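*Asks:* Sharing input-v4.txt (compact mmCIF, C-alpha atoms and all ligand atoms) below.
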# COMPACT_ATOMS: atom_id res chain seq x y z
CA MET I 1 0.00 0.00 0.00
CA LEU I 2 1.28 3.48 -0.90
CA PRO I 3 2.37 5.89 1.84
CA THR I 4 -0.20 8.54 2.83
CA ASP I 5 1.25 12.04 3.31
CA HIS I 6 -1.66 13.44 5.32
CA PRO I 7 -3.36 10.51 7.05
CA ARG I 8 -7.01 10.98 7.99
CA LEU I 9 -7.61 9.13 11.20
CA GLY I 10 -10.59 7.50 12.87
CA VAL I 11 -10.92 6.24 16.45
CA ILE I 12 -13.33 3.54 17.62
CA GLY I 13 -13.90 3.44 21.37
CA THR I 14 -13.82 6.99 22.73
CA GLY I 15 -13.28 6.11 26.40
CA LEU I 16 -10.12 6.91 28.35
CA MET I 17 -7.56 5.61 25.88
CA GLY I 18 -9.45 6.51 22.70
CA ARG I 19 -9.55 10.05 24.03
CA ALA I 20 -5.82 10.08 24.80
CA ALA I 21 -5.08 8.53 21.39
CA ALA I 22 -7.17 11.08 19.47
CA ILE I 23 -5.50 13.96 21.29
CA ALA I 24 -2.02 12.49 20.68
CA ALA I 25 -2.79 11.78 17.02
CA GLY I 26 -4.27 15.25 16.53
CA ALA I 27 -0.90 16.71 17.60
CA HIS I 28 1.02 14.74 14.92
CA PRO I 29 2.17 16.87 11.99
CA GLY I 30 0.11 16.06 8.92
CA ALA I 31 -2.45 13.79 10.60
CA THR I 32 -6.09 14.82 11.12
CA VAL I 33 -8.71 13.08 13.25
CA THR I 34 -11.68 13.00 10.88
CA ALA I 35 -14.05 10.42 12.43
CA LEU I 36 -14.96 8.96 15.81
CA ALA I 37 -17.16 5.98 16.68
CA ASN I 38 -18.45 4.80 20.01
CA ARG I 39 -21.25 2.43 20.94
CA THR I 40 -22.82 5.25 22.92
CA ARG I 41 -22.85 8.61 21.17
CA PRO I 42 -22.33 11.12 24.03
CA SER I 43 -18.78 9.98 24.70
CA ALA I 44 -17.81 10.41 21.01
CA ASP I 45 -19.59 13.79 20.87
CA SER I 46 -17.73 15.03 23.93
CA LEU I 47 -14.37 13.98 22.41
CA ALA I 48 -15.30 15.72 19.13
CA ASP I 49 -16.04 18.89 21.14
CA ALA I 50 -12.71 18.57 22.97
CA LEU I 51 -10.84 18.33 19.65
CA VAL I 52 -12.62 21.48 18.42
CA ASP I 53 -11.60 23.23 21.65
CA ASP I 54 -8.00 22.17 20.82
CA GLY I 55 -8.25 23.99 17.49
CA HIS I 56 -9.08 21.03 15.20
CA ASP I 57 -11.96 20.63 12.74
CA ARG I 58 -14.87 18.68 14.23
CA PRO I 59 -14.62 14.97 13.34
CA GLU I 60 -17.76 13.15 12.12
CA VAL I 61 -19.35 11.07 14.88
CA PHE I 62 -20.77 7.54 14.41
CA THR I 63 -22.14 4.83 16.66
CA ARG I 64 -21.27 1.96 14.27
CA LEU I 65 -17.84 1.20 12.84
CA ASP I 66 -19.35 -0.06 9.57
CA ASP I 67 -20.90 3.38 8.99
CA LEU I 68 -17.63 5.13 9.80
CA LEU I 69 -15.69 2.94 7.35
CA ALA I 70 -18.39 3.20 4.64
CA ALA I 71 -18.19 7.01 4.82
CA GLY I 72 -14.66 6.81 3.35
CA LEU I 73 -13.34 9.44 5.76
CA VAL I 74 -10.25 7.66 7.11
CA ASP I 75 -6.91 6.21 5.96
CA ALA I 76 -6.13 4.73 9.40
CA LEU I 77 -8.12 3.60 12.44
CA ILE I 78 -7.21 3.42 16.12
CA VAL I 79 -9.10 0.64 17.93
CA ALA I 80 -9.55 1.52 21.62
CA THR I 81 -12.50 -0.66 22.59
CA PRO I 82 -12.33 -3.05 25.61
CA ASP I 83 -9.78 -5.92 25.53
CA ASP I 84 -12.14 -8.57 24.13
CA GLN I 85 -13.62 -6.27 21.45
CA HIS I 86 -10.61 -5.63 19.20
CA ALA I 87 -10.63 -8.38 16.57
CA ASP I 88 -13.78 -7.53 14.57
CA ALA I 89 -12.74 -3.88 14.31
CA VAL I 90 -9.26 -4.83 13.04
CA VAL I 91 -10.77 -7.17 10.43
CA ALA I 92 -13.33 -4.56 9.30
CA ALA I 93 -10.62 -1.88 8.97
CA ALA I 94 -8.37 -4.19 6.94
CA GLU I 95 -11.25 -5.22 4.65
CA ALA I 96 -11.94 -1.52 4.04
CA GLY I 97 -8.25 -0.99 3.09
CA VAL I 98 -7.62 1.09 6.23
CA HIS I 99 -4.38 0.90 8.30
CA VAL I 100 -4.99 -0.07 11.91
CA LEU I 101 -3.43 0.68 15.29
CA VAL I 102 -5.02 -1.55 17.91
CA GLU I 103 -4.79 -1.13 21.67
CA LYS I 104 -3.13 -3.86 23.70
CA PRO I 105 -3.74 -6.75 24.09
CA PHE I 106 -4.04 -7.44 20.33
CA THR I 107 -6.90 -9.86 21.08
CA THR I 108 -7.88 -12.12 24.00
CA ARG I 109 -8.22 -15.26 21.85
CA VAL I 110 -5.67 -16.89 19.55
CA ASP I 111 -8.24 -17.58 16.80
CA ASP I 112 -9.21 -13.88 16.88
CA ALA I 113 -5.53 -12.89 16.61
CA ASP I 114 -5.07 -15.24 13.65
CA ARG I 115 -8.07 -13.90 11.71
CA ALA I 116 -7.16 -10.26 12.46
CA LEU I 117 -3.54 -10.85 11.43
CA ASP I 118 -4.64 -12.70 8.30
CA ALA I 119 -7.04 -9.89 7.31
CA VAL I 120 -4.32 -7.22 7.63
CA ARG I 121 -1.72 -9.25 5.73
CA ARG I 122 -4.23 -10.03 2.93
CA ALA I 123 -5.18 -6.34 2.66
CA GLY I 124 -1.52 -5.27 2.53
CA THR I 125 -2.30 -2.47 5.00
CA LEU I 126 -0.21 -1.52 8.06
CA GLY I 127 -1.11 -3.00 11.43
CA MET I 128 0.40 -2.38 14.85
CA CYS I 129 -0.57 -3.14 18.43
CA LEU I 130 -0.07 -0.23 20.83
CA PHE I 131 2.56 -1.82 23.08
CA ASN I 132 3.86 1.60 24.03
CA HIS I 133 6.46 0.32 26.56
CA ARG I 134 8.91 0.01 23.68
CA TRP I 135 8.90 3.84 23.61
CA VAL I 136 9.68 4.28 27.33
CA PRO I 137 13.22 5.71 27.05
CA ALA I 138 14.75 3.43 29.74
CA TYR I 139 13.14 0.32 28.19
CA ALA I 140 14.37 1.22 24.69
CA GLN I 141 17.82 1.85 26.20
CA ALA I 142 17.65 -1.61 27.83
CA LYS I 143 17.22 -3.15 24.37
CA GLU I 144 20.47 -1.49 23.24
CA VAL I 145 22.38 -2.38 26.43
CA ALA I 146 21.14 -5.99 26.32
CA ALA I 147 22.79 -6.48 22.94
CA GLY I 148 26.17 -6.60 24.76
CA LEU I 149 25.15 -8.87 27.64
CA GLY I 150 24.97 -12.29 25.99
CA ALA I 151 22.29 -14.94 26.32
CA PRO I 152 19.08 -14.28 28.32
CA VAL I 153 18.78 -16.18 31.60
CA LEU I 154 15.87 -14.87 33.70
CA ALA I 155 13.18 -12.18 33.77
CA TYR I 156 10.82 -10.96 36.46
CA ALA I 157 8.10 -8.42 35.65
CA ARG I 158 5.52 -7.10 38.09
CA LYS I 159 2.71 -4.76 37.12
CA ASN I 160 0.14 -4.02 39.79
CA ASP I 161 -2.73 -1.50 39.75
CA THR I 162 -4.68 0.10 42.54
CA LEU I 163 -8.22 -1.16 43.20
CA HIS I 164 -9.58 1.99 41.56
CA VAL I 165 -8.73 0.56 38.09
CA PRO I 166 -10.98 -2.55 38.03
CA THR I 167 -13.67 -1.11 40.30
CA GLU I 168 -14.06 2.47 39.04
CA MET I 169 -12.07 3.06 35.86
CA LEU I 170 -13.04 -0.02 33.81
CA SER I 171 -16.72 -0.95 33.51
CA TRP I 172 -15.61 -4.16 31.75
CA ALA I 173 -13.00 -5.53 34.21
CA GLY I 174 -15.05 -8.74 34.58
CA ASP I 175 -14.60 -9.44 30.84
CA THR I 176 -10.80 -9.50 31.10
CA THR I 177 -8.13 -10.16 33.73
CA CYS I 178 -5.26 -8.20 35.25
CA ALA I 179 -2.94 -10.46 33.23
CA TRP I 180 -4.49 -9.49 29.88
CA PHE I 181 -4.67 -5.85 30.93
CA LEU I 182 -1.24 -5.50 32.58
CA SER I 183 1.12 -8.43 31.88
CA SER I 184 0.49 -8.16 28.13
CA HIS I 185 2.77 -5.08 28.21
CA ASP I 186 5.50 -6.94 30.11
CA ILE I 187 5.32 -10.08 27.94
CA ASP I 188 5.71 -7.92 24.83
CA LEU I 189 8.63 -6.09 26.45
CA VAL I 190 10.52 -9.18 27.68
CA THR I 191 10.04 -11.22 24.47
CA TRP I 192 11.35 -8.17 22.58
CA LEU I 193 14.34 -7.71 24.94
CA PHE I 194 15.15 -11.45 24.84
CA ASP I 195 14.42 -11.68 21.10
CA ASP I 196 12.88 -15.06 21.88
CA ASP I 197 9.45 -16.69 22.10
CA VAL I 198 7.82 -18.41 25.06
CA ALA I 199 7.50 -22.18 24.62
CA GLU I 200 5.55 -23.20 27.74
CA VAL I 201 3.71 -21.58 30.65
CA VAL I 202 2.21 -22.52 33.97
CA ALA I 203 0.01 -20.06 35.83
CA SER I 204 -1.79 -19.64 39.13
CA ALA I 205 -4.23 -17.05 40.42
CA ARG I 206 -5.92 -15.81 43.57
CA SER I 207 -9.52 -14.58 43.65
CA GLY I 208 -11.63 -13.02 46.39
CA VAL I 209 -11.57 -9.23 46.73
CA LEU I 210 -12.93 -8.42 43.26
CA ARG I 211 -15.42 -11.30 43.24
CA GLY I 212 -16.63 -10.00 46.59
CA ARG I 213 -17.40 -6.72 44.82
CA GLY I 214 -19.33 -8.50 42.05
CA ILE I 215 -16.50 -8.41 39.46
CA ASP I 216 -15.74 -11.93 38.24
CA THR I 217 -12.00 -11.67 37.70
CA PRO I 218 -8.94 -12.74 39.73
CA ASP I 219 -7.26 -10.37 42.17
CA ALA I 220 -3.82 -11.52 41.03
CA VAL I 221 -2.25 -13.79 38.41
CA GLN I 222 1.26 -15.24 38.34
CA ILE I 223 2.61 -16.71 35.08
CA GLN I 224 5.83 -18.70 34.83
CA CYS I 225 7.34 -19.12 31.37
CA ARG I 226 10.08 -21.12 29.69
CA PHE I 227 11.47 -19.58 26.51
CA ASP I 228 12.52 -21.51 23.37
CA GLY I 229 16.17 -20.64 24.14
CA GLY I 230 15.93 -21.92 27.74
CA ALA I 231 15.50 -18.64 29.68
CA VAL I 232 12.79 -18.53 32.35
CA ALA I 233 10.49 -15.67 33.40
CA THR I 234 7.80 -14.74 35.90
CA PHE I 235 5.05 -12.26 35.04
CA GLU I 236 2.90 -11.02 37.91
CA SER I 237 -0.16 -8.78 37.81
CA CYS I 238 -2.52 -7.67 40.53
CA TRP I 239 -5.56 -5.40 40.69
CA VAL I 240 -6.05 -4.89 44.43
CA TYR I 241 -3.36 -2.45 45.62
CA PRO I 242 -4.92 0.04 48.04
CA ASP I 243 -5.92 3.36 46.48
CA THR I 244 -3.53 5.10 48.90
CA PHE I 245 -0.57 3.71 46.91
CA PRO I 246 1.30 6.77 45.58
CA THR I 247 1.01 5.75 41.90
CA MET I 248 -1.81 3.99 40.02
CA THR I 249 0.58 1.38 38.59
CA ASP I 250 3.53 -0.22 40.37
CA SER I 251 5.77 -1.53 37.59
CA PHE I 252 9.14 -3.29 37.95
CA VAL I 253 11.05 -5.30 35.33
CA GLU I 254 14.33 -7.19 35.76
CA VAL I 255 16.12 -8.98 32.92
CA VAL I 256 19.16 -11.13 33.66
CA TYR I 257 21.65 -12.16 30.96
CA GLU I 258 24.80 -14.31 31.15
CA GLY I 259 26.80 -11.04 31.11
CA GLY I 260 24.74 -8.79 33.39
CA VAL I 261 21.42 -7.62 34.76
CA ILE I 262 19.14 -4.67 33.89
CA GLN I 263 16.52 -3.39 36.34
CA LEU I 264 13.73 -1.07 35.25
CA ASP I 265 11.75 0.43 38.13
CA ARG I 266 8.85 2.72 37.13
CA LEU I 267 7.47 3.10 40.63
CA ALA I 268 8.46 6.71 41.12
CA GLU I 269 7.48 7.84 37.57
CA ASN I 270 10.39 10.39 37.73
CA ILE I 271 8.38 12.72 39.99
CA THR I 272 7.28 12.83 43.62
CA VAL I 273 4.64 15.27 44.88
CA ALA I 274 3.50 15.64 48.47
CA ASP I 275 0.84 18.15 49.45
CA HIS I 276 -1.50 18.39 52.42
CA SER I 277 -3.81 15.69 50.99
CA ALA I 278 -1.46 13.00 49.62
CA TYR I 279 2.00 11.71 48.76
CA ARG I 280 2.02 10.67 45.10
CA HIS I 281 3.87 10.10 41.84
CA PRO I 282 1.70 11.70 39.09
CA ARG I 283 1.71 9.89 35.71
CA ASN I 284 4.74 10.96 33.77
CA VAL I 285 6.38 8.17 31.78
CA LEU I 286 3.52 7.03 29.52
CA LEU I 287 1.17 10.01 29.32
CA ARG I 288 1.89 13.60 30.20
CA SER I 289 1.46 17.07 28.82
CA LEU I 290 4.71 18.91 28.02
CA HIS I 291 4.29 22.70 27.61
CA GLY I 292 0.68 22.12 26.61
CA ARG I 293 1.39 19.33 24.06
CA PRO I 294 0.74 15.60 24.57
CA SER I 295 3.97 13.75 25.32
CA GLY I 296 5.37 10.49 26.72
CA ALA I 297 5.74 6.92 25.45
CA TYR I 298 2.04 6.55 24.56
CA HIS I 299 2.19 9.66 22.36
CA ASP I 300 5.51 8.55 20.82
CA ALA I 301 4.14 5.09 19.94
CA ILE I 302 1.15 6.66 18.17
CA GLY I 303 3.51 9.07 16.41
CA HIS I 304 5.61 6.12 15.23
CA PHE I 305 2.55 4.41 13.73
CA LEU I 306 1.52 7.62 11.95
CA ASP I 307 5.09 8.07 10.68
CA CYS I 308 4.86 4.52 9.24
CA VAL I 309 1.55 5.39 7.55
CA GLN I 310 3.24 8.46 6.05
CA THR I 311 6.37 6.63 4.86
CA GLY I 312 5.17 3.06 4.34
CA ALA I 313 7.89 1.78 6.74
CA PRO I 314 7.06 -1.36 8.77
CA PRO I 315 6.05 -0.65 12.41
CA LEU I 316 8.48 -1.58 15.21
CA VAL I 317 5.83 -3.78 16.89
CA THR I 318 4.77 -6.49 14.44
CA LEU I 319 1.33 -8.05 14.55
CA GLU I 320 3.09 -11.43 14.58
CA SER I 321 4.83 -10.59 17.88
CA SER I 322 1.55 -9.26 19.30
CA ARG I 323 -0.17 -12.48 18.23
CA HIS I 324 2.52 -14.31 20.25
CA VAL I 325 1.72 -12.22 23.35
CA THR I 326 -1.93 -13.26 22.94
CA ALA I 327 -0.87 -16.91 22.55
CA VAL I 328 1.23 -16.76 25.77
CA LEU I 329 -1.64 -15.24 27.75
CA ALA I 330 -4.24 -17.61 26.28
CA ALA I 331 -2.00 -20.53 27.33
CA ALA I 332 -1.64 -19.00 30.81
CA HIS I 333 -5.44 -18.75 31.20
CA GLU I 334 -5.73 -22.35 29.99
CA SER I 335 -3.20 -23.30 32.68
CA LEU I 336 -5.35 -21.51 35.29
CA ARG I 337 -8.21 -23.77 34.17
CA THR I 338 -6.27 -27.07 34.05
CA GLY I 339 -3.74 -26.43 36.81
CA GLY I 340 -0.84 -27.74 34.69
CA PRO I 341 1.75 -26.54 32.18
CA VAL I 342 0.48 -25.54 28.71
CA ARG I 343 2.52 -25.29 25.51
CA VAL I 344 2.22 -22.00 23.64
CA PRO I 345 0.88 -22.58 20.11
CA SER I 346 3.23 -21.27 17.45
CA ALA I 347 1.98 -19.16 14.55
CA VAL I 348 0.51 -20.87 11.52
CA VAL I 349 2.77 -19.99 8.56
N1 LIG Q 401 -1.69 1.26 25.89
C1 LIG Q 401 -1.94 1.49 27.17
O1 LIG Q 401 -1.05 1.86 27.94
C2 LIG Q 401 -3.31 1.25 27.70
C3 LIG Q 401 -3.69 1.74 28.96
C4 LIG Q 401 -5.00 1.49 29.41
C5 LIG Q 401 -5.88 0.77 28.62
N2 LIG Q 401 -5.46 0.29 27.39
C6 LIG Q 401 -6.35 -0.49 26.52
O2 LIG Q 401 -7.19 0.39 25.78
C7 LIG Q 401 -8.44 -0.26 25.52
C8 LIG Q 401 -9.58 0.66 25.97
O3 LIG Q 401 -9.45 0.88 27.37
P1 LIG Q 401 -10.12 2.16 28.09
O4 LIG Q 401 -9.49 2.26 29.42
O5 LIG Q 401 -10.08 3.32 27.17
O6 LIG Q 401 -11.63 1.66 28.23
P2 LIG Q 401 -12.95 2.57 28.37
O7 LIG Q 401 -13.98 1.71 28.98
O8 LIG Q 401 -12.60 3.87 29.01
O9 LIG Q 401 -13.34 2.88 26.85
C9 LIG Q 401 -13.83 1.91 25.97
C10 LIG Q 401 -14.86 2.61 25.07
O10 LIG Q 401 -15.26 1.69 24.04
C11 LIG Q 401 -16.67 1.78 23.88
N3 LIG Q 401 -17.10 0.50 23.32
C12 LIG Q 401 -17.17 -0.70 23.94
N4 LIG Q 401 -17.48 -1.67 23.05
C13 LIG Q 401 -17.61 -1.06 21.84
C14 LIG Q 401 -17.91 -1.52 20.55
N5 LIG Q 401 -18.11 -2.83 20.32
N6 LIG Q 401 -17.99 -0.61 19.54
C15 LIG Q 401 -17.78 0.71 19.77
N7 LIG Q 401 -17.46 1.21 21.00
C16 LIG Q 401 -17.38 0.33 22.01
C17 LIG Q 401 -17.22 2.09 25.27
O11 LIG Q 401 -18.49 2.70 25.20
C18 LIG Q 401 -16.13 3.03 25.81
O12 LIG Q 401 -16.40 4.39 25.48
C19 LIG Q 401 -8.41 -1.61 26.26
O13 LIG Q 401 -8.06 -2.65 25.37
C20 LIG Q 401 -7.30 -1.41 27.29
O14 LIG Q 401 -6.62 -2.59 27.68
C21 LIG Q 401 -4.22 0.53 26.94
How would this structure read if it were set down as structure tokens?
Ligand SMILES: NC(=O)c1ccc[n+]([C@@H]2O[C@H](COP(=O)([O-])OP(=O)(O)OC[C@H]3O[C@@H](n4cnc5c(N)ncnc54)[C@H](O)[C@@H]3O)[C@@H](O)[C@H]2O)c1
*Replies:*
Amino acid sequence: MLPTDHPRLGVIGTGLMGRAAAIAAGAHPGATVTALANRTRPSADSLADALVDDGHDRPEVFTRLDDLLAAGLVDALIVATPDDQHADAVVAAAEAGVHVLVEKPFTTRVDDADRALDAVRRAGTLGMCLFNHRWVPAYAQAKEVAAGLGAPVLAYARKNDTLHVPTEMLSWAGDTTCAWFLSSHDIDLVTWLFDDDVAEVVASARSGVLRGRGIDTPDAVQIQCRFDGGAVATFESCWVYPDTFPTMTDSFVEVVYEGGVIQLDRLAENITVADHSAYRHPRNVLLRSLHGRPSGAYHDAIGHFLDCVQTGAPPLVTLESSRHVTAVLAAAHESLRTGGPVRVPSAVV
């Protein structure tokens, strides 16, 4: 597909991340947000109004993706619907000849990942999953440093959210798990750093707090992995930190190689603020405003995708690697069901 100098962009799912994505994309030179879709119209209308307030033309608003795509208003689509609602939108975009940037996780089922991947490859459009951790400066630096450290040995990655996230922020927490929502980022990061795939997983979980609040999802999930090359890794996620914790997400990654170790601690987010009401680390690494403009790894990942649409270059995050993250997590959830180790299915070539 030919590069597009001035990509016209649509967003489906105008909740928290769709909003952040539209604002980030609207700040990209040459790109214009021309269409928004959301199942319920008021949320899309309010984002359209916010874009006008930011000095942009008002995007068209739809409640159905088919209508948005049929209107022929977009060259690229950002999919920011809940975790289990990504695949159909990716397929529809590809079939309409539209490039697609899909929120993480790519999909929550391997068959969905396969049909979405197949649709994009058949269309010859660009596809990328928004694993924005690869744009966190320290994580990208780790990739360069790791090149001199020899064979991967061990990884440990913890990503834990405060209770506020599944109980107040996400209305659909019961349709996903903390592992899909949080560890997907870490599995993408570690497989990228190790340049290796996971062969087998075994997982365990603890439930209670969230079920007690009527949300049918585990409080915490622990996944242990063995990589093709022999390295081992643990991925932990948890959704029940107290809301007094000074940051919404506690994130720590350690990767050990034969020649050294790299530790990546995001707990403090580079900034500490204490006032008379709280001690906190406001969000800084992924999403922030810098002199009035959107900034941070989330913004940079979206900018990278739009650069690829403009130049035709392949995105840094391939849909094949994102399909692997889905396969690892699907195997982990199968292990939660069976209680034993599960092999990760490789891609059909
Ligand atoms: N990249 C990141 O760092 C990051 C961070 C948080 C969330 N996410 C991901 O972003 C996605 C969206 O999360 P969110 O926090 O914005 O959720 P949200 O609930 O705030 O927004 C989802 C929106 O999608 C709409 N919607 C639901 N189903 C739809 C459908 N079938 N068609 C059209 N609209 C539909 C809802 O009405 C809602 O407005 C999730 O996959 C989540 O895991 C990514």
*Asks:* Within 8 Å of ligand LIG 401 (chain Q), which residues of chain I show up? Give each one with its shortest atom-to-atom distance in Å (one decimal) and the two atoms involved, counting all atoms listed in the file, rows by chain then rising residue number, as CSV.
*Replies:*
residue,atom,partner,partner_atom,distance
I:Ile12,CA,Q:LIG401,C15,5.7
I:Gly13,CA,Q:LIG401,O10,3.5
I:Thr14,CA,Q:LIG401,O12,4.6
I:Gly15,CA,Q:LIG401,O9,3.3
I:Leu16,CA,Q:LIG401,O5,3.8
I:Met17,CA,Q:LIG401,O5,3.6
I:Gly18,CA,Q:LIG401,O5,5.5
I:Arg19,CA,Q:LIG401,O5,7.4
I:Ala37,CA,Q:LIG401,C15,6.1
I:Asn38,CA,Q:LIG401,N7,3.9
I:Arg39,CA,Q:LIG401,N7,4.0
I:Thr40,CA,Q:LIG401,O11,5.5
I:Ser43,CA,Q:LIG401,O12,6.1
I:Ala44,CA,Q:LIG401,O12,7.6
I:Thr63,CA,Q:LIG401,C15,6.8
I:Arg64,CA,Q:LIG401,C15,6.6
I:Leu65,CA,Q:LIG401,N6,6.9
I:Val79,CA,Q:LIG401,C7,7.7
I:Ala80,CA,Q:LIG401,C7,4.4
I:Thr81,CA,Q:LIG401,O10,3.9
I:Pro82,CA,Q:LIG401,C19,4.2
I:Asp83,CA,Q:LIG401,O13,3.7
I:Asp84,CA,Q:LIG401,O13,7.3
I:Gln85,CA,Q:LIG401,N5,5.8
I:His86,CA,Q:LIG401,O13,7.3
I:Glu103,CA,Q:LIG401,O2,5.0
I:Lys104,CA,Q:LIG401,O13,5.3
I:Pro105,CA,Q:LIG401,O13,6.1
I:Leu130,CA,Q:LIG401,N1,5.5
I:Phe131,CA,Q:LIG401,N1,6.0
I:Asn132,CA,Q:LIG401,N1,5.9
I:His133,CA,Q:LIG401,O1,7.8
I:Met169,CA,Q:LIG401,O8,6.9
I:Leu170,CA,Q:LIG401,O7,5.2
I:Ser171,CA,Q:LIG401,O7,5.9
I:Trp172,CA,Q:LIG401,O7,6.7
I:Trp180,CA,Q:LIG401,O14,7.5
I:Phe181,CA,Q:LIG401,O14,5.0
I:Leu182,CA,Q:LIG401,O14,7.8
I:His185,CA,Q:LIG401,O1,7.9
I:Leu286,CA,Q:LIG401,O1,7.1
I:Tyr298,CA,Q:LIG401,O1,6.6
*Asks:* What gap, in Å, lies between CA of Tyr241 in chain I and CA of Leu154 in chain I?
*Replies:*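 Rounded to one decimal, the two atoms are 25.8 Å apart.
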*Asks:* Of the candidates I:Ala231, I:Ala113, I:Ile215, I:Leu163, which shows the shortest atom-to-atom distance to Asp196 in chain I, using all atoms listed in the file?
*Replies:*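 For Asp196 in chain I, the nearest of the candidates is I:Ala231.
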*Asks:* One decimal, Å: what's the distance from CA of Arg343 in chain I over to CA of Val221 in chain I, could you say?
*Replies:* 17.9 Å
*Asks:* Name the residues in contact with Asp243 in chain I at a cut-off of 8 Å, using all atoms listed in the file, excluding same-chain residues fewer than 5 positions from it; report them as a list in words.
*Replies:*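 Counting all atoms listed in the file, the residues come to Thr162, Leu163, His164 and Met248 of chain I.
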*Asks:* Which is closest to Leu126 in chain I among I:Ile78, I:Ile271, I:Val165, I:Ala157, if we use all atoms listed in the file?
*Replies:*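 Using all atoms listed in the file, the shortest distance to Leu126 in chain I belongs to I:Ile78.
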*Asks:* So which residues fall inside 10 Å of (-5.1, -11.8, 13.3) if we count all atoms listed in the file? Mind giving them as a PDB file with C-alpha atoms, in the coordinates of the input?
*Replies:*
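Result file selection25.pdb:
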ATOM      1  CA  ALA I  87     -10.630  -8.380  16.570  1.00  0.00           C
ATOM      2  CA  ASP I  88     -13.780  -7.530  14.570  1.00  0.00           C
ATOM      3  CA  VAL I  90      -9.260  -4.830  13.040  1.00  0.00           C
ATOM      4  CA  VAL I  91     -10.770  -7.170  10.430  1.00  0.00           C
ATOM      5  CA  PHE I 106      -4.040  -7.440  20.330  1.00  0.00           C
ATOM      6  CA  THR I 107      -6.900  -9.860  21.080  1.00  0.00           C
ATOM      7  CA  ARG I 109      -8.220 -15.260  21.850  1.00  0.00           C
ATOM      8  CA  VAL I 110      -5.670 -16.890  19.550  1.00  0.00           C
ATOM      9  CA  ASP I 111      -8.240 -17.580  16.800  1.00  0.00           C
ATOM     10  CA  ASP I 112      -9.210 -13.880  16.880  1.00  0.00           C
ATOM     11  CA  ALA I 113      -5.530 -12.890  16.610  1.00  0.00           C
ATOM     12  CA  ASP I 114      -5.070 -15.240  13.650  1.00  0.00           C
ATOM     13  CA  ARG I 115      -8.070 -13.900  11.710  1.00  0.00           C
ATOM     14  CA  ALA I 116      -7.160 -10.260  12.460  1.00  0.00           C
ATOM     15  CA  LEU I 117      -3.540 -10.850  11.430  1.00  0.00           C
ATOM     16  CA  ASP I 118      -4.640 -12.700   8.300  1.00  0.00           C
ATOM     17  CA  ALA I 119      -7.040  -9.890   7.310  1.00  0.00           C
ATOM     18  CA  VAL I 120      -4.320  -7.220   7.630  1.00  0.00           C
ATOM     19  CA  ARG I 121      -1.720  -9.250   5.730  1.00  0.00           C
ATOM     20  CA  GLY I 127      -1.110  -3.000  11.430  1.00  0.00           C
ATOM     21  CA  LEU I 319       1.330  -8.050  14.550  1.00  0.00           C
ATOM     22  CA  GLU I 320       3.090 -11.430  14.580  1.00  0.00           C
ATOM     23  CA  SER I 322       1.550  -9.260  19.300  1.00  0.00           C
ATOM     24  CA  ARG I 323      -0.170 -12.480  18.230  1.00  0.00           C
TER      25      ARG I 323
END
*Asks:* Could you tell me which of I:Val11, I:Ile187, I:Ala147, I:Met128 comes closest to Gly259 in chain I if we count all atoms listed in the file?
*Replies:*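 Checking each of I:Val11, I:Ile187, I:Ala147, I:Met128 against Gly259 in chain I, counting all atoms listed in the file, the winner is I:Ala147.
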*Asks:* Centre and edge lengths, as JSON, for the axis-aligned box enclosing every listed atom of range 136-146 of chain I with 6 Å of padding on each of the six sides, in Å to one decimal?
*Replies:*
{"center_x": 16.0, "center_y": -0.1, "center_z": 26.5, "size_x": 24.7, "size_y": 23.7, "size_z": 18.5}
*Asks:* To one decimal in Å, tell me the separation between CA of Ser321 in chain I and CA of Phe252 in chain I.
*Replies:*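 The value is 21.8 Å.
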*Asks:* Which residue gives the smallest distance to Glu258 in chain I among I:Leu69, I:Ala146, I:Pro242, I:Pro42, with all atoms listed in the file counted?
*Replies:*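 Between I:Leu69, I:Ala146, I:Pro242, I:Pro42, the residue approaching Glu258 in chain I most closely is I:Ala146.
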*Asks:* With a distance cut-off of 7 Å and all atoms listed in the file, select the neighbouring residues of range 203-207 of chain I, excluding the residue or stretch itself and same-chain residues fewer than 5 positions from it, and output the selection as a list in words.
*Replies:* Pro218, Asp219, Ala220, Val221, Gln222, Ile223, Gln224, Ala332, Ser335 and Leu336 of chain I
*Asks:* Within 10 Å of Val309 in chain I, counting all atoms listed in the file, which residues show up once you throw out same-chain ones fewer than 5 positions away? Write them as a short mmCIF file (atom, residue, chain, number, x, y, z; two decimals) with C-alpha atoms, in the frame of the given file, please.
*Replies:*
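Output file part.cif is given in full below:
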data_model
loop_
_atom_site.label_atom_id
_atom_site.label_comp_id
_atom_site.auth_asym_id
_atom_site.auth_seq_id
_atom_site.Cartn_x
_atom_site.Cartn_y
_atom_site.Cartn_z
CA MET I 1 0.00 0.00 0.00
CA LEU I 2 1.28 3.48 -0.90
CA PRO I 3 2.37 5.89 1.84
CA THR I 4 -0.20 8.54 2.83
CA ASP I 5 1.25 12.04 3.31
CA HIS I 6 -1.66 13.44 5.32
CA PRO I 7 -3.36 10.51 7.05
CA ALA I 31 -2.45 13.79 10.60
CA ASP I 75 -6.91 6.21 5.96
CA ALA I 76 -6.13 4.73 9.40
CA HIS I 99 -4.38 0.90 8.30
CA VAL I 100 -4.99 -0.07 11.91
CA THR I 125 -2.30 -2.47 5.00
CA LEU I 126 -0.21 -1.52 8.06
CA GLY I 127 -1.11 -3.00 11.43
CA GLY I 303 3.51 9.07 16.41
CA HIS I 304 5.61 6.12 15.23
CA PRO I 314 7.06 -1.36 8.77
CA PRO I 315 6.05 -0.65 12.41
#
